[in-house]
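One file, target.cif, carrying mmCIF, C-alpha atoms:
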```cif
data_my_file
loop_
_atom_site.label_atom_id
_atom_site.label_comp_id
_atom_site.auth_asym_id
_atom_site.auth_seq_id
_atom_site.Cartn_x
_atom_site.Cartn_y
_atom_site.Cartn_z
CA MET A 21 -15.94 -4.76 -33.34
CA SER A 22 -17.93 -4.37 -30.13
CA TYR A 23 -15.98 -4.50 -26.85
CA LYS A 24 -17.46 -5.44 -23.50
CA ASN A 25 -17.66 -2.64 -20.96
CA PHE A 26 -16.84 -4.51 -17.76
CA PRO A 27 -17.42 -3.13 -14.25
CA MET A 28 -14.71 -3.32 -11.60
CA VAL A 29 -14.88 -3.17 -7.80
CA PRO A 30 -15.16 0.60 -7.19
CA ARG A 31 -13.73 0.63 -3.66
CA VAL A 32 -11.11 -1.55 -2.01
CA ILE A 33 -9.22 -1.20 1.24
CA PHE A 34 -5.99 -3.18 1.69
CA GLY A 35 -3.91 -3.65 4.79
CA ARG A 36 -3.33 -5.84 7.79
CA GLY A 37 -5.95 -4.90 10.38
CA SER A 38 -8.16 -3.03 7.88
CA PHE A 39 -11.10 -5.22 8.96
CA ASN A 40 -11.28 -2.95 12.03
CA GLN A 41 -12.48 -0.12 9.76
CA LEU A 42 -15.53 -2.04 8.55
CA ASN A 43 -17.99 -0.18 10.78
CA ASP A 44 -16.73 3.20 9.51
CA ILE A 45 -17.09 1.99 5.91
CA LEU A 46 -20.65 0.75 6.40
CA ALA A 47 -22.09 3.59 8.50
CA PRO A 48 -22.74 6.02 5.59
CA LYS A 49 -24.44 3.22 3.63
CA ARG A 50 -27.20 2.56 6.16
CA GLN A 51 -30.53 3.42 4.53
CA SER A 52 -32.60 3.66 7.73
CA ILE A 53 -32.79 2.16 11.22
CA ASN A 54 -35.18 -0.47 9.79
CA ALA A 55 -32.80 -1.40 6.94
CA PRO A 56 -30.26 -3.79 8.48
CA PHE A 57 -26.87 -4.97 7.34
CA ILE A 58 -26.89 -8.74 6.92
CA TYR A 59 -23.55 -10.48 7.51
CA LEU A 60 -23.09 -13.86 5.83
CA VAL A 61 -20.19 -15.45 7.71
CA ASP A 62 -18.53 -18.83 7.14
CA ASP A 63 -19.63 -21.00 10.06
CA VAL A 64 -15.99 -22.00 10.63
CA PHE A 65 -15.83 -18.65 12.51
CA LYS A 66 -18.86 -19.37 14.72
CA ASN A 67 -16.75 -19.61 17.87
CA THR A 68 -13.92 -17.35 16.70
CA THR A 69 -14.40 -14.27 18.84
CA TRP A 70 -11.29 -12.45 17.53
CA LEU A 71 -13.24 -12.03 14.28
CA THR A 72 -16.92 -11.96 15.28
CA SER A 73 -16.39 -9.57 18.21
CA ARG A 74 -15.23 -6.93 15.73
CA ILE A 75 -18.55 -6.99 13.85
CA SER A 76 -20.63 -4.20 15.37
CA LEU A 77 -24.37 -4.94 15.13
CA SER A 78 -26.83 -2.03 15.38
CA TYR A 79 -30.63 -1.92 15.17
CA ASP A 80 -31.79 -5.05 13.30
CA ASP A 81 -28.37 -6.05 11.91
CA LYS A 82 -27.86 -9.78 11.81
CA ILE A 83 -25.12 -12.38 11.40
CA ILE A 84 -26.09 -15.51 9.50
CA PHE A 85 -23.50 -18.29 9.77
CA VAL A 86 -23.47 -20.34 6.58
CA SER A 87 -22.08 -23.81 6.02
CA THR A 88 -19.51 -24.27 3.28
CA LYS A 89 -19.35 -28.06 3.51
CA GLU A 90 -20.91 -28.07 0.03
CA GLU A 91 -20.45 -25.74 -2.91
CA PRO A 92 -23.05 -22.91 -3.05
CA LYS A 93 -26.41 -24.01 -4.46
CA THR A 94 -29.21 -22.03 -6.06
CA THR A 95 -31.59 -23.50 -3.46
CA GLN A 96 -29.33 -22.22 -0.66
CA VAL A 97 -29.41 -18.71 -2.18
CA ASP A 98 -33.20 -18.79 -2.52
CA GLU A 99 -33.65 -19.93 1.09
CA LEU A 100 -31.37 -17.18 2.39
CA VAL A 101 -33.18 -14.52 0.35
CA GLU A 102 -36.60 -15.70 1.52
CA ASP A 103 -35.43 -15.74 5.14
CA ILE A 104 -34.00 -12.21 4.87
CA ILE A 105 -37.10 -10.79 3.16
CA LEU A 106 -39.48 -12.38 5.68
CA LYS A 107 -37.50 -11.33 8.76
CA THR A 108 -36.54 -7.74 7.92
CA LYS A 109 -38.78 -4.67 8.20
CA ALA A 110 -37.26 -3.05 5.14
CA ARG A 111 -34.95 -3.97 2.30
CA PRO A 112 -31.48 -4.48 3.83
CA SER A 113 -28.93 -1.69 3.58
CA GLY A 114 -26.37 -4.24 2.42
CA ILE A 115 -25.05 -7.78 2.39
CA ILE A 116 -21.56 -8.41 3.77
CA GLY A 117 -19.87 -11.71 2.91
CA ILE A 118 -17.04 -12.83 5.21
CA GLY A 119 -15.35 -16.09 4.20
CA GLY A 120 -13.86 -17.92 1.25
CA GLY A 121 -15.06 -18.11 -2.33
CA SER A 122 -18.26 -19.97 -1.41
CA VAL A 123 -19.40 -17.31 1.07
CA LEU A 124 -18.39 -14.46 -1.25
CA ASP A 125 -20.38 -16.05 -4.08
CA LEU A 126 -23.39 -16.49 -1.78
CA ALA A 127 -23.19 -12.83 -0.74
CA LYS A 128 -23.10 -11.71 -4.37
CA ALA A 129 -25.99 -13.97 -5.34
CA VAL A 130 -28.17 -12.98 -2.36
CA SER A 131 -27.61 -9.27 -3.04
CA ILE A 132 -28.75 -9.82 -6.65
CA MET A 133 -31.78 -11.94 -5.82
CA ILE A 134 -33.15 -9.45 -3.27
CA THR A 135 -33.87 -7.07 -6.18
CA ASN A 136 -34.70 -9.58 -8.93
CA GLU A 137 -37.80 -11.74 -9.19
CA GLY A 138 -37.93 -15.51 -9.48
CA GLU A 139 -35.36 -18.11 -8.53
CA SER A 140 -31.60 -17.83 -8.76
CA LYS A 141 -31.43 -20.76 -11.20
CA ASP A 142 -33.16 -18.51 -13.75
CA TYR A 143 -30.13 -16.22 -13.75
CA GLN A 144 -27.39 -18.81 -14.28
CA GLY A 145 -25.67 -17.68 -17.45
CA TRP A 146 -24.38 -14.46 -18.97
CA ASP A 147 -26.05 -11.04 -18.57
CA LEU A 148 -29.50 -12.25 -17.49
CA VAL A 149 -29.82 -10.00 -14.41
CA LYS A 150 -32.16 -7.03 -15.00
CA ASN A 151 -31.99 -4.97 -11.78
CA PRO A 152 -28.95 -3.72 -9.86
CA ALA A 153 -28.08 -5.68 -6.70
CA ILE A 154 -28.27 -4.05 -3.28
CA TYR A 155 -25.02 -2.76 -1.76
CA HIS A 156 -22.68 -5.69 -1.10
CA VAL A 157 -19.25 -6.05 0.50
CA GLY A 158 -16.73 -8.89 0.13
CA ILE A 159 -14.20 -9.76 2.84
CA PRO A 160 -12.09 -12.81 1.91
CA THR A 161 -10.69 -14.97 4.71
CA ILE A 162 -8.73 -17.20 2.32
CA SER A 163 -6.92 -16.21 -0.86
CA GLY A 164 -6.96 -17.65 -4.35
CA THR A 165 -10.49 -17.88 -5.72
CA GLY A 166 -10.64 -14.35 -7.11
CA ALA A 167 -14.32 -14.27 -6.05
CA GLU A 168 -13.66 -10.92 -4.35
CA VAL A 169 -13.10 -9.24 -7.71
CA SER A 170 -14.94 -11.33 -10.33
CA ARG A 171 -18.24 -10.56 -12.09
CA THR A 172 -19.63 -14.02 -11.46
CA THR A 173 -21.10 -16.02 -8.60
CA VAL A 174 -20.77 -19.74 -9.28
CA LEU A 175 -23.78 -21.81 -8.20
CA THR A 176 -24.85 -25.43 -8.50
CA GLY A 177 -28.40 -25.49 -9.80
CA PRO A 178 -30.86 -28.32 -10.45
CA GLU A 179 -29.58 -28.79 -14.00
CA LYS A 180 -26.10 -27.27 -14.16
CA LYS A 181 -23.24 -25.64 -12.33
CA LEU A 182 -22.87 -22.17 -13.78
CA GLY A 183 -22.29 -18.63 -12.59
CA ILE A 184 -24.56 -15.64 -12.50
CA ASN A 185 -22.30 -13.60 -14.75
CA SER A 186 -23.46 -9.99 -14.81
CA ASP A 187 -22.44 -6.35 -14.50
CA PHE A 188 -24.35 -6.23 -11.21
CA THR A 189 -22.42 -9.11 -9.60
CA PRO A 190 -19.11 -7.44 -8.54
CA PHE A 191 -18.86 -6.15 -4.99
CA ASP A 192 -19.32 -2.44 -4.26
CA GLN A 193 -16.61 -2.66 -1.61
CA VAL A 194 -13.87 -5.17 -0.81
CA VAL A 195 -11.80 -5.35 2.38
CA LEU A 196 -8.45 -7.12 1.90
CA ASP A 197 -7.04 -7.87 5.34
CA SER A 198 -4.41 -10.62 5.18
CA GLU A 199 -4.64 -11.18 8.95
CA LEU A 200 -8.00 -12.88 8.38
CA THR A 201 -6.21 -15.71 6.52
CA LYS A 202 -3.82 -16.56 9.37
CA ASP A 203 -5.52 -19.80 10.47
CA VAL A 204 -6.10 -21.42 7.06
CA PRO A 205 -5.06 -25.13 7.12
CA LYS A 206 -2.11 -25.95 4.86
CA ASP A 207 -4.03 -28.24 2.45
CA GLN A 208 -6.77 -25.66 1.99
CA TRP A 209 -4.16 -22.89 1.55
CA PHE A 210 -2.58 -24.94 -1.24
CA TYR A 211 -5.81 -25.93 -3.01
CA THR A 212 -7.18 -22.39 -3.02
CA GLY A 213 -3.81 -20.91 -3.99
CA MET A 214 -3.73 -23.35 -6.90
CA ASP A 215 -7.15 -22.10 -8.00
CA CYS A 216 -5.40 -18.77 -8.57
CA TYR A 217 -2.42 -20.46 -10.27
CA ILE A 218 -4.75 -22.39 -12.59
CA HIS A 219 -6.67 -19.17 -13.41
CA CYS A 220 -3.37 -17.75 -14.62
CA ILE A 221 -2.28 -20.78 -16.65
CA GLU A 222 -5.68 -21.08 -18.35
CA SER A 223 -5.92 -17.36 -19.06
CA LEU A 224 -2.34 -16.95 -20.32
CA ASN A 225 -2.61 -19.99 -22.61
CA GLY A 226 -6.06 -19.20 -23.94
CA SER A 227 -7.23 -17.98 -27.34
CA TYR A 228 -8.98 -15.02 -25.63
CA LEU A 229 -5.69 -13.66 -24.31
CA ASN A 230 -5.10 -9.91 -24.68
CA ALA A 231 -2.85 -7.29 -23.09
CA PHE A 232 -5.39 -6.58 -20.31
CA SER A 233 -5.64 -10.22 -19.20
CA LYS A 234 -1.95 -10.85 -19.79
CA SER A 235 -0.76 -8.03 -17.51
CA TYR A 236 -2.86 -9.26 -14.57
CA GLY A 237 -2.22 -12.95 -15.27
CA GLU A 238 1.54 -12.59 -15.45
CA LYS A 239 1.70 -10.69 -12.16
CA ALA A 240 -0.51 -13.25 -10.39
CA LEU A 241 1.57 -16.10 -11.81
CA ASP A 242 4.83 -14.51 -10.62
CA LEU A 243 3.39 -14.15 -7.11
CA CYS A 244 2.18 -17.77 -7.08
CA LYS A 245 5.62 -19.01 -8.12
CA GLU A 246 7.28 -16.88 -5.45
CA ILE A 247 5.02 -18.39 -2.77
CA PHE A 248 4.59 -22.02 -3.82
CA LEU A 249 8.07 -22.78 -5.19
CA ASP A 250 9.60 -22.14 -1.75
CA ASP A 251 9.12 -25.02 0.68
CA ASN A 252 10.04 -22.69 3.57
CA ILE A 253 6.89 -20.65 2.97
CA GLY A 254 3.58 -21.78 4.43
CA PRO A 255 0.18 -20.31 5.25
CA SER A 256 1.47 -18.60 8.42
CA ASN A 257 4.09 -16.48 6.60
CA ILE A 258 2.82 -12.88 6.79
CA GLU A 259 4.49 -11.65 3.58
CA ALA A 260 3.13 -14.70 1.73
CA GLN A 261 -0.36 -14.00 3.11
CA GLU A 262 -0.27 -10.50 1.62
CA ASN A 263 1.24 -11.67 -1.67
CA LEU A 264 -1.31 -14.45 -2.09
CA MET A 265 -4.12 -11.99 -1.39
CA MET A 266 -2.83 -9.82 -4.25
CA ALA A 267 -2.24 -12.86 -6.49
CA SER A 268 -5.90 -13.77 -5.96
CA TRP A 269 -6.98 -10.24 -6.93
CA HIS A 270 -4.82 -10.20 -10.05
CA GLY A 271 -5.82 -13.77 -10.96
CA GLY A 272 -9.48 -12.82 -10.74
CA MET A 273 -8.87 -9.74 -12.88
CA SER A 274 -6.95 -11.79 -15.47
CA ILE A 275 -10.16 -13.55 -16.51
CA ALA A 276 -12.33 -10.40 -16.66
CA TYR A 277 -11.39 -9.88 -20.31
CA SER A 278 -10.47 -13.52 -20.87
CA GLN A 279 -11.72 -16.87 -19.61
CA VAL A 280 -10.61 -19.95 -17.75
CA GLY A 281 -10.25 -23.29 -19.51
CA VAL A 282 -10.19 -27.09 -19.34
CA ALA A 283 -9.58 -27.54 -15.60
CA HIS A 284 -12.45 -25.29 -14.58
CA ALA A 285 -14.86 -26.78 -17.12
CA MET A 286 -14.13 -30.33 -15.99
CA SER A 287 -14.05 -29.51 -12.27
CA TYR A 288 -17.57 -28.07 -12.61
CA GLY A 289 -18.60 -31.58 -13.69
CA LEU A 290 -16.94 -33.13 -10.63
CA SER A 291 -18.56 -30.59 -8.36
CA TYR A 292 -22.04 -31.01 -9.85
CA LEU A 293 -22.06 -34.79 -9.58
CA LEU A 294 -19.79 -35.55 -6.62
CA GLY A 295 -19.91 -32.29 -4.66
CA THR A 296 -16.12 -31.89 -4.97
CA LYS A 297 -15.04 -28.49 -3.61
CA HIS A 298 -13.79 -26.06 -6.23
CA GLY A 299 -10.12 -25.68 -5.22
CA ILE A 300 -9.37 -29.37 -4.74
CA GLY A 301 -11.48 -30.23 -7.80
CA ASN A 302 -9.36 -27.97 -9.99
CA CYS A 303 -6.22 -29.62 -8.60
CA ILE A 304 -7.53 -33.15 -9.25
CA VAL A 305 -8.35 -32.27 -12.86
CA PHE A 306 -5.28 -30.13 -13.58
CA ASP A 307 -2.99 -32.98 -12.47
CA HIS A 308 -4.04 -34.83 -15.67
CA LEU A 309 -3.96 -31.99 -18.23
CA GLU A 310 -0.40 -32.24 -19.59
CA GLU A 311 -1.85 -32.42 -23.11
CA PHE A 312 -3.30 -28.92 -22.78
CA TYR A 313 -0.92 -27.16 -20.36
CA PRO A 314 2.40 -29.10 -20.34
CA GLU A 315 4.56 -26.47 -18.62
CA GLY A 316 1.83 -25.42 -16.18
CA VAL A 317 1.13 -28.99 -15.09
CA ALA A 318 4.84 -29.80 -14.66
CA LEU A 319 5.23 -26.78 -12.38
CA PHE A 320 2.04 -27.72 -10.50
CA LYS A 321 3.43 -31.20 -9.79
CA GLU A 322 6.66 -29.63 -8.54
CA MET A 323 4.78 -27.33 -6.15
CA LYS A 324 2.58 -30.21 -4.98
CA ALA A 325 5.67 -32.29 -4.15
CA LEU A 326 7.46 -29.39 -2.43
CA HIS A 327 4.56 -28.89 0.00
CA GLY A 328 3.83 -32.58 0.53
CA ILE A 329 0.30 -32.40 -0.88
CA GLU A 330 -1.38 -35.68 -1.80
CA LEU A 331 -4.50 -35.41 -3.95
CA PRO A 332 -7.45 -37.81 -3.63
CA GLN A 333 -7.20 -40.65 -6.15
CA SER A 334 -9.79 -42.76 -8.01
CA ILE A 335 -12.74 -40.53 -7.12
CA CYS A 336 -14.38 -41.52 -10.43
CA ALA A 337 -13.53 -45.24 -10.17
CA GLN A 338 -17.01 -46.45 -9.21
CA LEU A 339 -19.06 -44.20 -11.50
CA THR A 340 -21.58 -45.59 -13.97
CA ASP A 341 -21.74 -44.62 -17.65
CA GLU A 342 -24.80 -42.49 -16.83
CA GLU A 343 -22.87 -40.61 -14.16
CA PHE A 344 -19.98 -39.94 -16.53
CA GLU A 345 -22.53 -38.57 -19.02
CA ILE A 346 -23.87 -36.16 -16.40
CA MET A 347 -20.37 -34.76 -15.73
CA ILE A 348 -19.62 -34.54 -19.45
CA ASN A 349 -22.87 -32.63 -20.08
CA VAL A 350 -22.03 -30.10 -17.36
CA ALA A 351 -18.48 -29.64 -18.68
CA LEU A 352 -19.54 -29.29 -22.33
CA GLY A 353 -22.14 -26.69 -21.37
CA LEU A 354 -19.34 -24.22 -20.58
CA GLU A 355 -18.71 -23.29 -24.21
CA PRO A 356 -16.72 -20.05 -23.66
CA LEU A 357 -14.21 -21.98 -21.52
CA TRP A 358 -13.61 -24.55 -24.26
CA GLU A 359 -13.32 -21.92 -26.97
CA ASN A 360 -10.73 -20.09 -24.86
CA ALA A 361 -8.82 -23.33 -24.16
CA VAL A 362 -8.85 -24.95 -27.60
CA GLY A 363 -10.13 -22.39 -30.12
CA LYS A 364 -13.27 -21.91 -32.22
CA ASN A 365 -13.16 -25.48 -33.56
CA TRP A 366 -13.11 -26.97 -30.06
CA LYS A 367 -16.11 -29.23 -30.75
CA LYS A 368 -14.01 -31.24 -33.23
CA ILE A 369 -11.29 -31.77 -30.61
CA ILE A 370 -13.20 -32.11 -27.32
CA THR A 371 -15.32 -35.20 -27.85
CA ARG A 372 -17.43 -36.97 -25.25
CA ASP A 373 -15.07 -39.95 -25.44
CA LYS A 374 -12.07 -37.71 -24.79
CA LEU A 375 -13.68 -36.21 -21.70
CA LYS A 376 -14.75 -39.60 -20.41
CA ALA A 377 -11.19 -40.92 -20.78
CA LEU A 378 -9.88 -37.92 -18.82
CA TYR A 379 -12.45 -38.32 -16.04
CA GLN A 380 -11.59 -42.05 -15.83
CA LYS A 381 -7.99 -41.08 -14.94
CA MET A 382 -9.29 -39.26 -11.89
#
```
Take the structure in the file and write it out as structure tokens.
Amino acid sequence: MSYKNFPMVPRVIFGRGSFNQLNDILAPKRQSINAPFIYLVDDVFKNTTWLTSRISLSYDDKIIFVSTKEEPKTTQVDELVEDIILKTKARPSGIIGIGGGSVLDLAKAVSIMITNEGESKDYQGWDLVKNPAIYHVGIPTISGTGAEVSRTTVLTGPEKKLGINSDFTPFDQVVLDSELTKDVPKDQWFYTGMDCYIHCIESLNGSYLNAFSKSYGEKALDLCKEIFLDDNIGPSNIEAQENLMMASWHGGMSIAYSQVGVAHAMSYGLSYLLGTKHGIGNCIVFDHLEEFYPEGVALFKEMKALHGIELPQSICAQLTDEEFEIMINVALGLEPLWENAVGKNWKKIITRDKLKALYQKM
């Protein structure tokens, strides 16, 4: 039996206001005055001085505001890398991602592609990256995706939506400051929190489950229940902000030695074809997965009702047979997810017709 030797984030700082220590953390990592730090920041913060004013730029350091209207694309990564290489005098000292899962994934992917040849689409898959990434830091401003701790960066490429899963993907440093999540809109707070909840349900009910995944998954699930089964708790509750930040961390860790399942596989199809954002896409799919996760879906519906969340309906109503086939191809390409969800004989159970029928409900 050969076991995978997974990397973990080697350094993490947790605490409200810890973002103020970022400059002290980065200073020893500067390679030279010509080697800048590049900050990739969600453009939602473009005019938010309480955050941007605390980023101290020295020498050739640069903030690049990135749009998250769409899920991260391989072309977006390649454009950012080319821009950074052309406009810097030396290889950057580090990439710092400040934002939600999309920005964190972009930061991980850019840090990898600065040291690896070719296009990012060539690295979509498992363990294809040859050279270590440059130093990279993740600072989440919303909780739930687990992107701050995972060994993948999920990208939509020309042919598929798939992560760059590698030992070089995890961040070298993470800053967990719950204050940065204080202005998250309620719907987004719910969708992204449910990404974490769904991580837990898929991991804890999967065939890959083991004591490592179970310990993290159970803790994350308990925290999600504590937060989302109380209709008096919302995104502005400080204790809930800290708890959801830790649920996200544990939820991300729960799939390190496990995998996600049906909701993630099918939401990748929605995202690839329709551009559906990851959190809401997971919710749209999970709402129809009683067959696979009866207890998890029942609890999800309860939490959805408690917080007055209404999901988009009939997003697949006008699709052609060809478009359904595209989504099905993307979903079926995620073989480890299906094996975790249904077992080694998943191909006998998960037919194209079955997936089409499920997508038609959405």
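One finds CA of Ile247 (chain A) at 14.7 Å from CA of Ile162 (chain A).
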Using only C-alpha atoms, which of the listed residues (A:Gly301, A:Ile275, A:Met382, A:His308) sits closest to Leu339 (chain A)?
A:Met382
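Here CA of Ala285 (chain A) is placed at a distance of 27.3 Å from CA of Leu100 (chain A).
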Evaluating the PyMOL selection byres ((chain A and resi 253-259) around 10) on the displayed file yields which residues, as a count of residues only?
28
At a cut-off of 8 Å from (-20.4, -6.7, 4.5) in the coordinates of the file, what residues are picked up using all atoms listed in the file, written as a PyMOL selection string?
chain A and resi 42+46+57-60+114-118+156-159
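With all atoms listed in the file as the atoms that count, the minimum distance from Arg31 (chain A) to the choices A:Val169, A:Ile84, A:Met347, A:Ala127 is reached by A:Val169.
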For the structure shown, which residues end up in the PyMOL selection byres ((chain A and resi 151-155) around 9)? Put them as an MDAnalysis selection string, please?
chainID A and resid 49 111:116 128:136 149:150 156:157 187:189 191:193
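One finds CA of Asn43 (chain A) at 13.2 Å from CA of Leu71 (chain A).
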Contact residues around Val305 (chain A) with all atoms listed in the file at 10 Å, ignoring same-chain residues under 3 positions, as a ChimeraX atom specification:
/A:282-287,290,300-302,308-309,378-379,381-382
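Applied to this file, the PyMOL selection byres ((chain A and resi 223) around 7) selects His219, Cys220, Ile221, Glu222, Leu224, Asn225, Gly226, Leu229, Gly237, Ser274, Ile275, Ser278, Gln279 and Val280 of chain A.
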So which one's closest to Ser38 (chain A), A:Arg50, A:Arg74, A:Arg372, A:Lys24? Using only C-alpha atoms, please.
A:Arg74
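Nearest residue to Asp103 (chain A), choosing from A:Thr88, A:Ala167, A:Lys82, A:Phe320 and counting only C-alpha atoms: A:Lys82.
Distance check against Leu182 (chain A) using only C-alpha atoms: of A:Lys109, A:Lys66, A:Lys93, A:Lys234, the minimum falls on A:Lys93.
Residue nearest Ser291 (chain A) within the list A:Lys239, A:Lys180, A:Lys245, A:Lys324: A:Lys180 [criterion: smallest interatomic distance, all atoms listed in the file].
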Protein/DNA/RNA residues near (-4.5, -8.1, -4.7), cut 10 Å, only C-alpha atoms, as number ranges by chain
A: 32, 34, 163-164, 166, 168-169, 196, 240, 262-273
I'd like a table as a Markdown table: residues in region 113-203 of chain A with an atom no more than 12 Å from region 351-361 of chain A, each row giving the shortest atom pair and its distance in Å to one decimal, all atoms listed in the file counted, sorted by chain and rising residue number.
```
| residue | atom | partner | partner_atom | distance |
| --- | --- | --- | --- | --- |
| A:Gln144 | CA | A:Leu354 | CA | 11.6 |
| A:Gly145 | CA | A:Leu354 | CA | 9.6 |
| A:Trp146 | CA | A:Pro356 | CA | 10.6 |
| A:Glu179 | CA | A:Gly353 | CA | 10.7 |
| A:Lys180 | CA | A:Gly353 | CA | 8.2 |
| A:Lys181 | CA | A:Ala351 | CA | 8.9 |
| A:Leu182 | CA | A:Leu354 | CA | 7.9 |
| A:Gly183 | CA | A:Leu354 | CA | 10.2 |
```
Selection from above, C-alpha atoms, as a JSON list (two decimals), in the coordinates of the input, can you write it?
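So the final result, stored in part-v6.json, reads:
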```
[["chain", "number", "residue", "atom", "x", "y", "z"],
["A", 144, "GLN", "CA", -27.39, -18.81, -14.28],
["A", 145, "GLY", "CA", -25.67, -17.68, -17.45],
["A", 146, "TRP", "CA", -24.38, -14.46, -18.97],
["A", 179, "GLU", "CA", -29.58, -28.79, -14.00],
["A", 180, "LYS", "CA", -26.10, -27.27, -14.16],
["A", 181, "LYS", "CA", -23.24, -25.64, -12.33],
["A", 182, "LEU", "CA", -22.87, -22.17, -13.78],
["A", 183, "GLY", "CA", -22.29, -18.63, -12.59]]
```
